[in-house]
4 protein chains.
Amino acid sequence: MGMYIGKDRTARRSYGFDEIALVPGTVTINPNEVDTSFNIGNKKYNVPILAAAMDGVVDVDFAIAMGKLGGLAVLNLEGVQTRYDNPEEVLDKIAHATPEEATELVQGLYTKPIQEKLISKRIAQIKKAGVPTVVSAIPQRAEKFGAIAQEAGADIFIVQSTVATVKHISTEYKTLDFKKFCKSMKIPVIIGNCVTYEVALELFKTGPSGLLIGIGPGAACTTRGVLGIGVPQVTATSDCATARDHFYKKTGKYIPIITDGGMNTGGDICKAFACGADAVMVGSAFAKAKEAPGRGFHWGMATPHANLPRGTRIRVGTAGTLDEILFGPARLDDGSQNLMGALQTSMGSLGAKNIKEMHKVDIVIAPSIKTEGKIFQQAQRVGMGK
Amino acid sequence: MGMYIGKDRTARRSYGFDEIALVPGTVTINPNEVDTSFNIGNKKYNVPILAAAMDGVVDVDFAIAMGKLGGLAVLNLEGVQTRYDNPEEVLDKIAHATPEEATELVQGLYTKPIQEKLISKRIAQIKKAGVPTVVSAIPQRAEKFGAIAQEAGADIFIVQSTVATVKHISTEYKTLDFKKFCKSMKIPVIIGNCVTYEVALELFKTGPSGLLIGIGPGAACTTRGVLGIGVPQVTATSDCATARDHFYKKTGKYIPIITDGGMNTGGDICKAFACGADAVMVGSAFAKAKEAPGRGFHWGMATPHANLPRGTRIRVGTAGTLDEILFGPARLDDGSQNLMGALQTSMGSLGAKNIKEMHKVDIVIAPSIKTEGKIFQQAQRVGMGK
Amino acid sequence: MGMYIGKDRTARRSYGFDEIALVPGTVTINPNEVDTSFNIGNKKYNVPILAAAMDGVVDVDFAIAMGKLGGLAVLNLEGVQTRYDNPEEVLDKIAHATPEEATELVQGLYTKPIQEKLISKRIAQIKKAGVPTVVSAIPQRAEKFGAIAQEAGADIFIVQSTVATVKHISTEYKTLDFKKFCKSMKIPVIIGNCVTYEVALELFKTGPSGLLIGIGPGAACTTRGVLGIGVPQVTATSDCATARDHFYKKTGKYIPIITDGGMNTGGDICKAFACGADAVMVGSAFAKAKEAPGRGFHWGMATPHANLPRGTRIRVGTAGTLDEILFGPARLDDGSQNLMGALQTSMGSLGAKNIKEMHKVDIVIAPSIKTEGKIFQQAQRVGMGK
Amino acid sequence: MGMYIGKDRTARRSYGFDEIALVPGTVTINPNEVDTSFNIGNKKYNVPILAAAMDGVVDVDFAIAMGKLGGLAVLNLEGVQTRYDNPEEVLDKIAHATPEEATELVQGLYTKPIQEKLISKRIAQIKKAGVPTVVSAIPQRAEKFGAIAQEAGADIFIVQSTVATVKHISTEYKTLDFKKFCKSMKIPVIIGNCVTYEVALELFKTGPSGLLIGIGPGAACTTRGVLGIGVPQVTATSDCATARDHFYKKTGKYIPIITDGGMNTGGDICKAFACGADAVMVGSAFAKAKEAPGRGFHWGMATPHANLPRGTRIRVGTAGTLDEILFGPARLDDGSQNLMGALQTSMGSLGAKNIKEMHKVDIVIAPSIKTEGKIFQQAQRVGMGK
């Protein structure tokens, strides 16, 4: 599968969401009659679109709102929620900073130490609403925070770093033994992020209940821009789906993969499922919710998430309620609203009655030059400028 | 024909109009001496460019104007024309709404129920002018509206949904049996939309007089953006043309295919024919006609058309009379005017004396990076900004 | 060499200048010591860059200036120069029209009939200056104007149409027999335009002294946009160069090919030679000369040239004297100045001591995404906006 | 490895940094524990990122600052530093010129003759600070300036021309014999630039201590735009790395290659190492340093560097101290700061414990269409425009 990039050097062609499209088959299904559910551990969830562990996306109230709608929102145990008794104050400051102040302010706010008692408190707050409680930490803090989270009643624990591998070499600090950790936890553990068949297979063997897929997925995401590292999500998801299927064939254990990052529209989400994802994790789309703690802003910092590694605050605006973003009705036609409706309609049009059938729909490589889009948008701009 | 997009997953490369160009052969023909006609049922039409069933494009007057010029315009039986006694009022409202109000206004206007008596009335109005009357409805309403339309004297009936298949699964509602429907109708029935060889072949077997080709053709068309679904038109048209030819070889019945959507210029239209289309269906180009009911605007809603599924109104402007758009003279050099002149000149330059010969011209894959275009347009902008 | 664009349809991948780059070999040469000459008939010309037959580029004075610098400029026998006794007046009008008036004005000005006596007069004027006189007409007028031109002392006659073939079918008018025509003329005849091996070979057999290569070369050139027709120049030039070489091998006659259109920079010109061109024909670059009759504007109309088929006037500005454009020094770094210097330096860096060696330099397909360029230009803009 | 670009003409596909991405393997390493060093001659340098020989980048003070941070900065022996007793004055003039004046001013300033005594003086000034002294000249001046530089105590001498070959043909001037020259010098000699396996191999045989890789690397760099010449850096670096490895295998001499040009971000630098570079040479990134003599501007002239051959001044701005650019902390997330941190983190994430292991990391060809980036940047712009 390699192509020559040098006399003696080959590289495999990888693909991103912009480059593919899904092809209808010979059967279509009423969108209301498709099944979008997936499982983590032995629990079934009907909304396979998770909200990412970012401070502009998920806080206690957002997690509760998401849970009540049938979804899962991940609370970052290393963000403002566990560093500040009153995170509202901090979030307000970030939202009201001038663009010039924002980056430095954000960087400064995250130097405040994490208070362990706040970990328990936040989990209890979500728990109290009777919805699934999902929290995350980086590998270095997984053992300590995992124990606290479990104790506090969390339902799922996520260990997330930009690049997860079974073997991490360091003489400066102790590295996390994923196998031991998964075994020690009584609640399901999700590990991430990875992008290759080999690493996914190794990680599956450590006993997680799910894997996050995605490293530097966007061509201009900072991981790719700053480190040169990344695999576009179509290829990453397909490869890790193959690892999942091979692992299942060998062990009988079906461990879901969750595509994380690189999806900008409902169409991209549909494509992720077609590539083999059991669920997806999304940030920006949810940062636009009225319920999002970011107040129309989005940033990264205390989280290992690849898109925003250095505290840059970006304005995403507020597009509608979480309910509207998930279930519509869509008032924009850019694919950022009614994500579940889009998924169901796509599955119906493709004749996929559940996510496993969605894994098998026909894919074409389609040109990504957005000529028509440009013309369309231009027309819109003209219309709006009226 | 597959390429690996994942370790275990292949996808076929598909092509769009921007990626190809037509190559002159060893013979050229005087453009005035080429034959552009095609047949639906046993009627011959000289203008193989149909106007799409959209409320900003076709109303009674437009259909009459188009018919008098030798063309076919499709009246949407589920739009403002059949919901309102006085559609002019409604169209005026849409055209005069501010951009902020437009989407919601459009969405609201289409909740008004369809009046069946208006179906008969509109058809009678077109019919009276002595031009071909073509109307369309979605599959769920095809049986009822088809009967009314036929009774009222319609010449051609189109059953159009975003994704048409012979088998549609639903327990909530009764699905249309295309074979039974086509048999029950005395006037030609056109079915759409489809994009693959397999589905085209299955649909040909149900007995239509034509097939509409095109699902999510543009890289940024909403079907592709929202649902992830789409096949670029070069590949879709070529594949369905092969199905048509195979069906013809087997049954002796030549059923024309009509490429619908994704064409922005006269050049794209010429390419559609080169890919195997017998006719094309176009929206925006006609929305720019002085005669178009949209008054310089274009939107989708009550129609299953893929480009504008959610009521967004876009301004297309008014470029000239329908006569000028079809037959010139062109006053713009962007390929949006004198579409028939462009087709005839292209056929002449390519040495194709009729549409069937046009199906066989040589095609090259040509880079779509529009460097020169950009420079050209930039120069134009500079010139215009003088 | 075909790729599948449909189930049953293949297309060959063709290439444009943006997609290739030239690779230095193991030898370099002092640029001052390379030979750039080419031959038409049995005359040798040192400047292998011809000025195109466009009214904004070539008039009598420009042709004289070009000739004195060692180059060839083609006077269009169907433009303002032969329609108006005082073309200066007309050119002034075009240059001073508002953008709104320009297109219609240009279209109107070219309806004035051609005066045959002006053909002889213009040729005599150029002739008098002792420089080579090159004129052009479309095939329909070639016999009449060819005779007049020859009589008046023209040195080279060009028969140019957008798409030239040996066999043109028409019942409405008499078509030109190239073979008979070439034989009847005592001065060298150049024929164009063509883009394929087959047509080039057929045209070579009719006895021309040169062939113009280029139909719809740019992805957004109007021939490709309006008619869908075009072959990128790398492939067109390479293919016709092969036809030239095969014809030479068989007959011993080496007939030069002249790549016409699609070159925006000195780099593109160098690439045309590397692809096999013996000379190139350029419009815009010369329209920017102080000596150009367009006064900083450029348009098409009475000429069959593909780039500007409908009279749109574009502003190109004035970049320097013709001497500077051909021989430098360059004051811009965009490759639009010092075209001969660029060619000589390129040949030196590539180790090509003459044009025939230039035909054999190593070519790579190189990505045309202009990231760096954009950044560079952005930086420049910032710098200029200071 | 060739693809047909014409009937009879093949070209190899080459790749640029934008088109590839690096893939994490099964091991990761603590970034603090990777080794980034490389050797020139028998000296080891920890910072494998050299500052290019450009007047806006390197002067005596910059070279000293760079040396103290463990890096190498190349002083151009043909720039303002050796033409003017007081270069500060000249640099001030360039920085304060209006954009209109800048190009002509720069062109004029470089016509002043080089003073040989200033060569010795500048070298002595750097030398005095106890840091490595690296200087450069073009081949025509290498013998004379090389002797002076060596005498004055320079540590490394670079002979740089746009296109270096072992065989240069000229009857007008004497050409440099690289073999003789390398032998004559007691200090390490670095030669450049080249891009192919064949030329690299020939140059290795002449006895240099390093090779500069890079000719017209960017799609829109002026060498490619003006001369049509260039090879994208992924392919150029890979090919020359293979030449280095083959030469090493045969002779036991490991001669480092230094990728020069075409890197815009930390990610590009990481990719250069993955392609086989032992070190990289960078201009713009260092021109942005507070210590850079260009005062926020960047230009080319007396240097053979390909990016800025004609004296155009571009504004790059000032982004931070040299220390910040090399070692962070990064205050921008565009990959232009903390270049060494980026390299170390990339190596850690890829499991490469030294540069030689970095040469073997897995590469994928990844789409370069920057959709996400555009959206990201757009969001940022919106946020900044607040």
# chains A, B, ... in the order shown; residues from 1 in each chain; ligands from 1

$ residues_around --residues "Lys174 in chain A" --least-positions-apart "3" --cutoff "12 Å" --atoms "only C-alpha atoms" --output "mmCIF file with N, CA and C atoms, in the first residue's frame"
data_model
loop_
_atom_site.group_PDB
_atom_site.id
_atom_site.type_symbol
_atom_site.label_atom_id
_atom_site.label_comp_id
_atom_site.auth_asym_id
_atom_site.auth_seq_id
_atom_site.Cartn_x
_atom_site.Cartn_y
_atom_site.Cartn_z
ATOM 1 N N PRO A 139 -2.545 10.151 31.857
ATOM 2 C CA PRO A 139 -1.986 8.922 32.440
ATOM 3 C C PRO A 139 -1.263 9.155 33.777
ATOM 4 N N GLN A 140 -0.484 10.253 33.870
ATOM 5 C CA GLN A 140 0.281 10.490 35.102
ATOM 6 C C GLN A 140 -0.616 10.602 36.335
ATOM 7 N N ARG A 141 -1.845 11.040 36.146
ATOM 8 C CA ARG A 141 -2.734 11.222 37.295
ATOM 9 C C ARG A 141 -3.819 10.153 37.371
ATOM 10 N N ALA A 142 -3.765 9.186 36.447
ATOM 11 C CA ALA A 142 -4.866 8.230 36.330
ATOM 12 C C ALA A 142 -5.057 7.395 37.596
ATOM 13 N N GLU A 143 -3.966 6.909 38.156
ATOM 14 C CA GLU A 143 -4.108 6.032 39.318
ATOM 15 C C GLU A 143 -4.772 6.747 40.496
ATOM 16 N N LYS A 167 3.848 1.189 25.844
ATOM 17 C CA LYS A 167 5.194 1.378 26.385
ATOM 18 C C LYS A 167 5.631 2.840 26.292
ATOM 19 N N HIS A 168 5.780 3.477 27.431
ATOM 20 C CA HIS A 168 6.291 4.847 27.478
ATOM 21 C C HIS A 168 7.586 4.836 28.263
ATOM 22 N N ILE A 169 8.636 5.397 27.665
ATOM 23 C CA ILE A 169 9.958 5.360 28.306
ATOM 24 C C ILE A 169 10.263 6.667 29.010
ATOM 25 N N SER A 170 10.594 6.579 30.285
ATOM 26 C CA SER A 170 11.007 7.757 31.036
ATOM 27 C C SER A 170 11.813 7.331 32.245
ATOM 28 N N THR A 171 12.898 8.035 32.518
ATOM 29 C CA THR A 171 13.630 7.776 33.766
ATOM 30 C C THR A 171 13.249 8.839 34.789
ATOM 31 N N ASP A 177 0.918 1.760 34.017
ATOM 32 C CA ASP A 177 0.739 0.423 33.437
ATOM 33 C C ASP A 177 -0.752 0.251 33.157
ATOM 34 N N ASN D 30 9.751 10.082 26.993
ATOM 35 C CA ASN D 30 9.756 11.371 27.667
ATOM 36 C C ASN D 30 10.581 12.348 26.823
#

$ residues_around --residues "range 2-7 of chain C" --least-positions-apart "3" --cutoff "9 Å" --atoms "only C-alpha atoms" --output "mmCIF file with C-alpha atoms, in the first residue's frame"
data_model
loop_
_atom_site.group_PDB
_atom_site.id
_atom_site.type_symbol
_atom_site.label_atom_id
_atom_site.label_comp_id
_atom_site.auth_asym_id
_atom_site.auth_seq_id
_atom_site.Cartn_x
_atom_site.Cartn_y
_atom_site.Cartn_z
ATOM 1 C CA MET B 1 -10.976 -0.115 -8.981
ATOM 2 C CA ARG B 13 -12.111 7.020 -6.658
ATOM 3 C CA SER B 14 -14.985 9.039 -8.027
ATOM 4 C CA TYR B 15 -14.816 12.186 -10.132
ATOM 5 C CA TYR B 197 -25.167 1.221 -11.621
ATOM 6 C CA VAL B 234 -18.944 12.411 -13.533
ATOM 7 C CA THR B 235 -18.852 8.987 -11.930
ATOM 8 C CA ALA B 236 -22.567 8.892 -11.110
ATOM 9 C CA THR B 237 -23.537 9.809 -14.667
ATOM 10 C CA SER B 238 -21.032 7.413 -16.263
ATOM 11 C CA ASP B 239 -22.148 4.519 -14.074
ATOM 12 C CA CYS B 240 -25.853 5.076 -14.686
ATOM 13 C CA THR B 242 -23.588 2.089 -18.394
ATOM 14 C CA CYS B 275 -20.290 11.398 -19.391
ATOM 15 C CA VAL B 364 -9.096 13.706 -19.705
ATOM 16 C CA ILE B 365 -8.657 14.068 -15.994
ATOM 17 C CA THR C 10 -11.699 5.670 -18.551
ATOM 18 C CA ALA C 11 -9.910 8.973 -18.805
ATOM 19 C CA ARG C 12 -6.262 9.780 -19.002
ATOM 20 C CA ARG C 13 -4.687 11.994 -16.365
#

$ select_by_dssp --residues "range 149-336 of chain D" --states "strand (DSSP E)" --output "JSON, numbers by chain"
{"D": [156, 157, 158, 159, 160, 167, 168, 169, 189, 190, 191, 192, 193, 194, 210, 211, 212, 213, 257, 258, 259, 260, 279, 280, 281, 282, 297, 298, 314, 315]}

$ atom_distance --atom1 "CA of Leu227 in chain A" --atom2 "CA of Gly335 in chain D"
7.9 Å

$ atom_distance --atom1 "CA of Gly294 in chain D" --atom2 "CA of Ala63 in chain D"
13.5 Å

$ atom_distance --atom1 "CA of Thr133 in chain D" --atom2 "CA of Asn86 in chain D"
20.1 Å

$ residues_around --residues "range 343-355 of chain B" --least-positions-apart "4" --cutoff "9 Å" --atoms "only C-alpha atoms" --output "JSON, numbers by chain"
{"B": [22, 23, 24, 25, 26, 27, 28, 29, 30, 31, 32, 33, 34, 35, 36, 37, 38, 266, 267, 269, 270, 273, 274, 276, 277, 278, 279, 338, 339, 359, 360, 361, 362], "C": [162, 163, 164, 168, 169, 226, 227, 228, 229]}

$ select_by_dssp --residues "range 245-348 of chain D" --states "alpha helix (DSSP H)" --output "short mmCIF file (atom, residue, chain, number, x, y, z; two decimals) with C-alpha atoms, in the first residue's frame"
data_model
loop_
_atom_site.label_atom_id
_atom_site.label_comp_id
_atom_site.auth_asym_id
_atom_site.auth_seq_id
_atom_site.Cartn_x
_atom_site.Cartn_y
_atom_site.Cartn_z
CA ASP D 245 23.52 6.32 3.43
CA HIS D 246 24.87 4.68 0.26
CA PHE D 247 28.02 6.81 0.44
CA TYR D 248 28.42 5.87 4.10
CA LYS D 249 27.98 2.19 3.35
CA LYS D 250 30.63 2.36 0.65
CA THR D 251 33.17 4.64 2.29
CA GLY D 266 7.90 23.28 13.82
CA GLY D 267 5.93 20.49 12.22
CA ASP D 268 7.74 20.97 8.92
CA ILE D 269 11.08 20.84 10.73
CA CYS D 270 10.10 17.58 12.44
CA LYS D 271 9.09 16.16 9.06
CA ALA D 272 12.46 17.14 7.53
CA PHE D 273 14.22 15.01 10.15
CA ALA D 274 11.79 12.15 9.55
CA SER D 284 12.10 33.34 8.27
CA ALA D 285 11.59 31.74 11.69
CA PHE D 286 14.81 33.40 12.91
CA ALA D 287 14.13 36.67 11.09
CA LEU D 322 15.76 33.87 19.92
CA ASP D 323 15.66 31.86 23.15
CA GLU D 324 11.84 31.74 22.96
CA ILE D 325 11.88 30.80 19.28
CA LEU D 326 14.27 27.94 19.95
CA PHE D 327 13.21 26.78 23.41
CA LEU D 339 11.16 24.87 17.65
CA MET D 340 13.45 22.69 19.76
CA GLY D 341 10.59 21.89 22.14
CA ALA D 342 8.50 20.87 19.15
CA LEU D 343 11.29 18.64 17.85
CA GLN D 344 11.82 16.99 21.23
CA THR D 345 8.10 16.46 21.82
CA SER D 346 7.69 15.08 18.32
CA MET D 347 10.60 12.70 18.80
CA GLY D 348 9.19 11.64 22.16
#

$ closest_residue --among "C:Ala200, C:Ile94, C:Val60, C:Ala21" --to "chain D" --atoms "only C-alpha atoms"
C:Ala21

$ residues_around --residues "range 206-208 of chain A" --least-positions-apart "3" --cutoff "6 Å" --atoms "only C-alpha atoms" --output "JSON list (two decimals) with C-alpha atoms, in the first residue's frame"
[["chain", "number", "residue", "atom", "x", "y", "z"],
["A", 178, "PHE", "CA", -2.53, 0.38, 31.49],
["A", 179, "LYS", "CA", -3.15, -3.33, 32.08],
["A", 182, "CYS", "CA", -7.73, -1.34, 33.92],
["A", 189, "VAL", "CA", -11.95, 2.53, 31.52],
["A", 190, "ILE", "CA", -11.57, 4.21, 28.12],
["A", 203, "LEU", "CA", -4.12, -1.24, 23.91]]

$ residues_around --residues "Asn42 in chain A" --least-positions-apart "6" --cutoff "12 Å" --atoms "only C-alpha atoms" --output "list in words"
Asp155, Ile156, Ile187, Pro188, Ser209, Gly210, Lys253, Tyr254, Ile255 and Pro256 of chain A

$ closest_residue --among "D:Ala366, D:Pro217, D:Cys194, D:Met281" --to "chain B" --atoms "only C-alpha atoms"
D:Ala366
